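Q: One file: entry16.cif (mmCIF, C-alpha atoms).
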```
data_structure
loop_
_atom_site.label_atom_id
_atom_site.label_comp_id
_atom_site.auth_asym_id
_atom_site.auth_seq_id
_atom_site.Cartn_x
_atom_site.Cartn_y
_atom_site.Cartn_z
CA MET A 22 -23.16 -4.92 31.21
CA ASN A 23 -19.96 -4.54 29.19
CA ASP A 24 -19.63 -0.90 28.08
CA ASN A 25 -16.65 -1.81 25.87
CA LYS A 26 -18.75 -4.06 23.63
CA VAL A 27 -17.73 -3.81 19.96
CA TYR A 28 -20.30 -4.86 17.36
CA LEU A 29 -18.91 -6.74 14.36
CA THR A 30 -20.32 -8.87 11.59
CA ASP A 31 -18.78 -12.30 10.97
CA GLU A 32 -16.91 -10.82 7.99
CA GLY A 33 -15.62 -7.88 10.03
CA PHE A 34 -14.36 -10.19 12.77
CA LEU A 35 -12.56 -12.36 10.22
CA GLU A 36 -10.93 -9.29 8.62
CA LEU A 37 -9.61 -8.15 12.00
CA GLU A 38 -8.41 -11.67 12.77
CA GLU A 39 -6.52 -11.77 9.45
CA GLU A 40 -4.94 -8.39 10.14
CA LEU A 41 -3.88 -9.54 13.61
CA ASN A 42 -2.33 -12.74 12.22
CA GLU A 43 -0.49 -10.75 9.53
CA LEU A 44 0.91 -8.38 12.16
CA LYS A 45 1.97 -11.16 14.52
CA ASN A 46 3.32 -13.63 11.96
CA VAL A 47 4.76 -11.36 9.27
CA LYS A 48 5.17 -7.75 10.35
CA ARG A 49 6.46 -8.38 13.88
CA PRO A 50 9.27 -10.74 12.71
CA GLU A 51 10.23 -8.23 9.99
CA VAL A 52 10.50 -5.45 12.57
CA ILE A 53 12.55 -7.64 14.92
CA LYS A 54 14.92 -8.45 12.05
CA ALA A 55 15.24 -4.75 11.16
CA LEU A 56 16.03 -3.93 14.81
CA LYS A 57 18.74 -6.59 14.95
CA GLU A 58 20.28 -5.32 11.71
CA ALA A 59 20.20 -1.71 12.93
CA ARG A 60 21.81 -2.69 16.25
CA ALA A 61 24.60 -4.40 14.35
CA LEU A 62 25.51 -1.06 12.76
CA GLY A 63 26.89 0.19 16.06
CA ASP A 64 26.23 3.47 17.93
CA LEU A 65 22.49 3.52 18.70
CA SER A 66 22.44 7.18 19.79
CA GLU A 67 22.79 8.41 16.19
CA ASN A 68 21.34 5.47 14.31
CA ALA A 69 18.39 6.54 12.14
CA ASP A 70 17.69 2.95 11.05
CA TYR A 71 17.41 1.89 14.68
CA ASP A 72 15.11 4.83 15.53
CA ALA A 73 12.88 4.03 12.53
CA ALA A 74 12.71 0.34 13.46
CA ARG A 75 11.82 1.21 17.07
CA ALA A 76 9.06 3.56 15.87
CA GLU A 77 7.68 0.86 13.58
CA GLN A 78 7.86 -1.66 16.40
CA ALA A 79 5.83 0.65 18.64
CA GLN A 80 3.24 1.11 15.89
CA VAL A 81 2.93 -2.64 15.20
CA GLU A 82 2.71 -3.57 18.89
CA GLY A 83 0.14 -0.82 19.50
CA ARG A 84 -2.06 -2.08 16.66
CA ILE A 85 -1.74 -5.67 17.91
CA GLN A 86 -2.91 -4.58 21.37
CA GLU A 87 -5.77 -2.56 19.85
CA LEU A 88 -6.95 -5.51 17.72
CA GLU A 89 -6.72 -7.94 20.63
CA LYS A 90 -8.84 -5.61 22.78
CA ILE A 91 -11.43 -5.18 20.01
CA MET A 92 -11.65 -8.93 19.47
CA GLU A 93 -11.84 -9.60 23.21
CA ASN A 94 -14.85 -7.27 23.45
CA ALA A 95 -16.43 -8.29 20.15
CA HIS A 96 -20.10 -9.08 19.98
CA ILE A 97 -20.82 -10.85 16.69
CA ILE A 98 -23.94 -9.50 15.02
CA GLN A 99 -26.26 -12.36 14.21
CA LYS A 100 -28.16 -12.05 10.95
CA GLY A 101 -31.70 -11.63 12.15
CA SER A 102 -35.08 -10.95 10.72
CA THR A 103 -35.38 -8.63 7.75
CA ASP A 104 -38.74 -7.20 8.75
CA LYS A 105 -37.04 -4.19 10.38
CA VAL A 106 -33.69 -2.38 10.12
CA SER A 107 -31.13 -3.66 12.62
CA LEU A 108 -27.41 -4.23 13.02
CA GLY A 109 -26.15 -6.45 10.23
CA THR A 110 -29.00 -5.79 7.82
CA THR A 111 -28.62 -4.23 4.40
CA VAL A 112 -31.16 -1.53 3.72
CA LYS A 113 -32.20 0.36 0.60
CA ILE A 114 -33.39 3.87 1.33
CA LYS A 115 -34.84 6.56 -0.87
CA TYR A 116 -34.01 10.17 -0.12
CA VAL A 117 -37.47 11.76 -0.20
CA ASP A 118 -36.34 15.15 -1.54
CA ASP A 119 -34.61 13.86 -4.67
CA ASP A 120 -35.79 10.23 -5.11
CA GLU A 121 -32.18 9.00 -5.03
CA ILE A 122 -31.90 5.39 -3.79
CA GLU A 123 -28.88 4.17 -1.81
CA GLU A 124 -28.05 0.81 -0.25
CA TYR A 125 -26.23 0.57 3.08
CA ARG A 126 -25.17 -2.21 5.42
CA ILE A 127 -25.56 -1.31 9.09
CA VAL A 128 -22.42 -2.40 10.97
CA GLY A 129 -20.63 -1.57 14.21
CA SER A 130 -18.42 1.52 14.38
CA LYS A 131 -15.13 -0.43 14.14
CA GLU A 132 -16.25 -1.99 10.87
CA ALA A 133 -17.78 1.09 9.24
CA ASP A 134 -16.50 1.87 5.75
CA PRO A 135 -18.69 4.49 4.06
CA SER A 136 -16.83 4.17 0.75
CA ASN A 137 -18.10 0.57 0.62
CA ASN A 138 -21.60 1.52 1.87
CA LYS A 139 -21.00 0.09 5.35
CA ILE A 140 -22.30 2.65 7.83
CA SER A 141 -21.94 2.68 11.59
CA ASN A 142 -24.94 2.01 13.77
CA GLU A 143 -23.89 5.22 15.53
CA SER A 144 -24.21 7.38 12.40
CA PRO A 145 -27.15 9.82 12.19
CA ILE A 146 -28.80 7.96 9.32
CA ALA A 147 -28.51 4.55 11.00
CA LYS A 148 -29.84 5.91 14.29
CA ALA A 149 -32.82 7.38 12.46
CA ILE A 150 -33.76 4.20 10.58
CA MET A 151 -33.07 1.57 13.26
CA ASN A 152 -36.11 -0.64 13.82
CA ALA A 153 -37.93 0.94 10.87
CA LYS A 154 -39.93 -1.23 8.48
CA VAL A 155 -40.27 -1.14 4.69
CA GLY A 156 -42.41 1.80 3.63
CA GLU A 157 -41.70 3.92 6.71
CA ILE A 158 -40.36 7.45 6.29
CA LYS A 159 -37.88 8.64 8.90
CA LYS A 160 -36.35 12.04 9.64
CA VAL A 161 -32.56 12.15 9.79
CA ALA A 162 -30.88 14.87 11.83
CA SER A 163 -27.58 15.90 10.27
CA PRO A 164 -25.14 18.80 10.63
CA ASN A 165 -26.54 20.19 7.34
CA GLY A 166 -30.12 20.06 8.54
CA GLU A 167 -32.90 17.53 8.70
CA TYR A 168 -33.98 15.37 5.75
CA GLU A 169 -36.29 12.42 5.20
CA VAL A 170 -35.62 8.92 3.94
CA GLU A 171 -38.00 6.12 3.06
CA ILE A 172 -37.16 2.48 3.73
CA VAL A 173 -37.45 0.75 0.34
CA ALA A 174 -36.10 -2.75 1.15
CA ILE A 175 -34.39 -4.64 3.96
CA CYS A 176 -32.16 -7.63 3.23
#
```
Write out the structure in this file as structure tokens.
A:
Amino acid sequence: MNDNKVYLTDEGFLELEEELNELKNVKRPEVIKALKEARALGDLSENADYDAARAEQAQVEGRIQELEKIMENAHIIQKGSTDKVSLGTTVKIKYVDDDEIEEYRIVGSKEADPSNNKISNESPIAKAIMNAKVGEIKKVASPNGEYEVEIVAIC
């Protein structure tokens, strides 16, 4: 079994692929051009432009390697049944204590974006509600204490 497996939705995989293409086809050539221009200025030992370009090159190449490794180990989440909460499903939950309803999409950790209601399958709330069905109430263990949520809908 591959312990490096990275779970991504189709959309998440495409976003990473776009970022990788942007880095390889736009950013990398820009950095190479900046390095050539900085070298042309002469003495590299005291050349701040050259040092900055080298640092940016290291950052770009590091991100390219990281993205390639993620994509190599990617497991695309297939949209499955909506009778229970699973990776790739969107779920509406009601916080039992205050009746507040929130909607979250359960995604892999590399794709998580809480500000856009995409939560990692490794988060406490996702762990608690995985495989739950509509109407079930689950306890969520969090650093601030335990609370309950009810599964309202699964899409």
Q: Given the PyMOL selection byres ((chain A and resi 129) around 10) and the file above, list the residues it selects as a ChimeraX atom specification.
A: /A:26-30,33,95-98,108-109,126-128,130-133,139-144
Q: To test your reading of the syntax: which residues would the PyMOL selection byres ((chain A and resi 115-124) around 8) return for the file shown? Reply as a VMD selection string.
A: chain A and resid 111 to 114 125 to 126 138 168 to 173
Q: Quick one: pull the distance between CA of Val81 in chain A and CA of Lys48 in chain A, Å, one decimal.
A: 7.4 Å
Q: As an exercise, work out the distance from CA of Lys57 in chain A to CA of Asp70 in chain A in Å and give it to one decimal place.
A: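 The value is 10.4 Å.
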Q: Could you jot down the CA of Glu51 in chain A to CA of Ala69 in chain A separation for me, Å, one decimal place?
A: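 Straight-line distance from CA of Glu51 in chain A to CA of Ala69 in chain A works out to 17.0 Å.
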Q: Can you pull out the residues contacting Met92 in chain A? Cut-off 8 Å, using only C-alpha atoms, and skip same-chain residues under 3 positions away; I want them as a short mmCIF file (atom, residue, chain, number, x, y, z; two decimals) with C-alpha atoms, in the coordinates of the input.
A:
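Written out: selection-v1.cif:
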```
data_model
loop_
_atom_site.label_atom_id
_atom_site.label_comp_id
_atom_site.auth_asym_id
_atom_site.auth_seq_id
_atom_site.Cartn_x
_atom_site.Cartn_y
_atom_site.Cartn_z
CA VAL A 27 -17.73 -3.81 19.96
CA PHE A 34 -14.36 -10.19 12.77
CA LEU A 37 -9.61 -8.15 12.00
CA GLU A 38 -8.41 -11.67 12.77
CA LEU A 88 -6.95 -5.51 17.72
CA GLU A 89 -6.72 -7.94 20.63
CA ALA A 95 -16.43 -8.29 20.15
#
```
Q: Given 8 Å on each side, where is the centre and what are the edge lengths in Å to one decimal of the axis-aligned box enclosing the listed atoms of range 97-108 of chain A, as JSON?
A:
```
{"center_x": -29.8, "center_y": -7.4, "center_z": 12.2, "size_x": 33.9, "size_y": 26.0, "size_z": 24.9}
```
Q: List every protein, DNA or RNA residue with an atom no more than 12 Å from (-33.8, 13.1, 11.2) in the file's coordinates, counting all atoms listed in the file, and format the result as number ranges by chain.
A: A: 116, 144-151, 158-171
Q: Any chance you could build range 41-77 of chain A out to N, CA and C atoms and write it as an mmCIF file, keeping the file's coordinate frame?
A:
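The new file rebuild_23.cif reads:
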```cif
data_model
loop_
_atom_site.group_PDB
_atom_site.id
_atom_site.type_symbol
_atom_site.label_atom_id
_atom_site.label_comp_id
_atom_site.auth_asym_id
_atom_site.auth_seq_id
_atom_site.Cartn_x
_atom_site.Cartn_y
_atom_site.Cartn_z
ATOM 1 N N LEU A 41 -4.642 -9.203 12.411
ATOM 2 C CA LEU A 41 -3.880 -9.540 13.610
ATOM 3 C C LEU A 41 -2.852 -10.636 13.305
ATOM 4 N N ASN A 42 -3.260 -11.667 12.586
ATOM 5 C CA ASN A 42 -2.330 -12.740 12.220
ATOM 6 C C ASN A 42 -1.195 -12.225 11.346
ATOM 7 N N GLU A 43 -1.511 -11.343 10.410
ATOM 8 C CA GLU A 43 -0.490 -10.750 9.530
ATOM 9 C C GLU A 43 0.518 -9.956 10.366
ATOM 10 N N LEU A 44 0.017 -9.167 11.312
ATOM 11 C CA LEU A 44 0.910 -8.380 12.160
ATOM 12 C C LEU A 44 1.810 -9.269 13.021
ATOM 13 N N LYS A 45 1.212 -10.291 13.616
ATOM 14 C CA LYS A 45 1.970 -11.160 14.520
ATOM 15 C C LYS A 45 2.952 -12.062 13.770
ATOM 16 N N ASN A 46 2.524 -12.604 12.643
ATOM 17 C CA ASN A 46 3.320 -13.630 11.960
ATOM 18 C C ASN A 46 4.218 -13.112 10.848
ATOM 19 N N VAL A 47 3.949 -11.899 10.359
ATOM 20 C CA VAL A 47 4.760 -11.360 9.270
ATOM 21 C C VAL A 47 5.437 -10.059 9.682
ATOM 22 N N LYS A 48 4.632 -9.087 10.077
ATOM 23 C CA LYS A 48 5.170 -7.750 10.350
ATOM 24 C C LYS A 48 6.084 -7.734 11.572
ATOM 25 N N ARG A 49 5.645 -8.369 12.661
ATOM 26 C CA ARG A 49 6.460 -8.380 13.880
ATOM 27 C C ARG A 49 7.830 -8.995 13.633
ATOM 28 N N PRO A 50 7.932 -10.172 12.989
ATOM 29 C CA PRO A 50 9.270 -10.740 12.710
ATOM 30 C C PRO A 50 10.111 -9.835 11.810
ATOM 31 N N GLU A 51 9.478 -9.149 10.852
ATOM 32 C CA GLU A 51 10.230 -8.230 9.990
ATOM 33 C C GLU A 51 10.825 -7.088 10.801
ATOM 34 N N VAL A 52 10.035 -6.555 11.735
ATOM 35 C CA VAL A 52 10.500 -5.450 12.570
ATOM 36 C C VAL A 52 11.640 -5.909 13.483
ATOM 37 N N ILE A 53 11.500 -7.093 14.046
ATOM 38 C CA ILE A 53 12.550 -7.640 14.920
ATOM 39 C C ILE A 53 13.850 -7.805 14.124
ATOM 40 N N LYS A 54 13.731 -8.288 12.902
ATOM 41 C CA LYS A 54 14.920 -8.450 12.050
ATOM 42 C C LYS A 54 15.556 -7.086 11.752
ATOM 43 N N ALA A 55 14.725 -6.091 11.443
ATOM 44 C CA ALA A 55 15.240 -4.750 11.160
ATOM 45 C C ALA A 55 15.939 -4.164 12.385
ATOM 46 N N LEU A 56 15.390 -4.411 13.578
ATOM 47 C CA LEU A 56 16.030 -3.930 14.810
ATOM 48 C C LEU A 56 17.394 -4.586 15.015
ATOM 49 N N LYS A 57 17.461 -5.882 14.794
ATOM 50 C CA LYS A 57 18.740 -6.590 14.950
ATOM 51 C C LYS A 57 19.779 -6.055 13.969
ATOM 52 N N GLU A 58 19.362 -5.835 12.724
ATOM 53 C CA GLU A 58 20.280 -5.320 11.710
ATOM 54 C C GLU A 58 20.751 -3.910 12.054
ATOM 55 N N ALA A 59 19.830 -3.082 12.560
ATOM 56 C CA ALA A 59 20.200 -1.710 12.930
ATOM 57 C C ALA A 59 21.145 -1.702 14.123
ATOM 58 N N ARG A 60 20.917 -2.586 15.092
ATOM 59 C CA ARG A 60 21.810 -2.690 16.250
ATOM 60 C C ARG A 60 23.218 -3.084 15.826
ATOM 61 N N ALA A 61 23.295 -3.916 14.827
ATOM 62 C CA ALA A 61 24.600 -4.400 14.350
ATOM 63 C C ALA A 61 25.434 -3.284 13.735
ATOM 64 N N LEU A 62 24.786 -2.179 13.377
ATOM 65 C CA LEU A 62 25.510 -1.060 12.760
ATOM 66 C C LEU A 62 26.303 -0.245 13.779
ATOM 67 N N GLY A 63 26.076 -0.494 15.058
ATOM 68 C CA GLY A 63 26.890 0.190 16.060
ATOM 69 C C GLY A 63 26.130 1.215 16.875
ATOM 70 N N ASP A 64 26.723 2.394 17.055
ATOM 71 C CA ASP A 64 26.230 3.470 17.930
ATOM 72 C C ASP A 64 24.734 3.717 17.746
ATOM 73 N N LEU A 65 23.943 3.381 18.776
ATOM 74 C CA LEU A 65 22.490 3.520 18.700
ATOM 75 C C LEU A 65 22.020 4.957 18.912
ATOM 76 N N SER A 66 22.863 5.799 19.496
ATOM 77 C CA SER A 66 22.440 7.180 19.790
ATOM 78 C C SER A 66 22.252 8.005 18.521
ATOM 79 N N GLU A 67 22.932 7.671 17.446
ATOM 80 C CA GLU A 67 22.790 8.410 16.190
ATOM 81 C C GLU A 67 22.491 7.469 15.037
ATOM 82 N N ASN A 68 21.644 6.494 15.296
ATOM 83 C CA ASN A 68 21.340 5.470 14.310
ATOM 84 C C ASN A 68 19.896 5.642 13.834
ATOM 85 N N ALA A 69 19.730 6.263 12.675
ATOM 86 C CA ALA A 69 18.390 6.540 12.140
ATOM 87 C C ALA A 69 17.635 5.252 11.832
ATOM 88 N N ASP A 70 18.340 4.230 11.348
ATOM 89 C CA ASP A 70 17.690 2.950 11.050
ATOM 90 C C ASP A 70 17.102 2.333 12.325
ATOM 91 N N TYR A 71 17.859 2.428 13.409
ATOM 92 C CA TYR A 71 17.410 1.890 14.680
ATOM 93 C C TYR A 71 16.182 2.659 15.178
ATOM 94 N N ASP A 72 16.245 3.995 15.099
ATOM 95 C CA ASP A 72 15.110 4.830 15.530
ATOM 96 C C ASP A 72 13.860 4.512 14.715
ATOM 97 N N ALA A 73 14.015 4.340 13.406
ATOM 98 C CA ALA A 73 12.880 4.030 12.530
ATOM 99 C C ALA A 73 12.305 2.659 12.870
ATOM 100 N N ALA A 74 13.166 1.693 13.112
ATOM 101 C CA ALA A 74 12.710 0.340 13.460
ATOM 102 C C ALA A 74 11.977 0.342 14.800
ATOM 103 N N ARG A 75 12.483 1.115 15.766
ATOM 104 C CA ARG A 75 11.820 1.210 17.070
ATOM 105 C C ARG A 75 10.437 1.861 16.929
ATOM 106 N N ALA A 76 10.353 2.897 16.096
ATOM 107 C CA ALA A 76 9.060 3.560 15.870
ATOM 108 C C ALA A 76 8.077 2.594 15.214
ATOM 109 N N GLU A 77 8.552 1.833 14.245
ATOM 110 C CA GLU A 77 7.680 0.860 13.580
ATOM 111 C C GLU A 77 7.267 -0.243 14.549
#
```
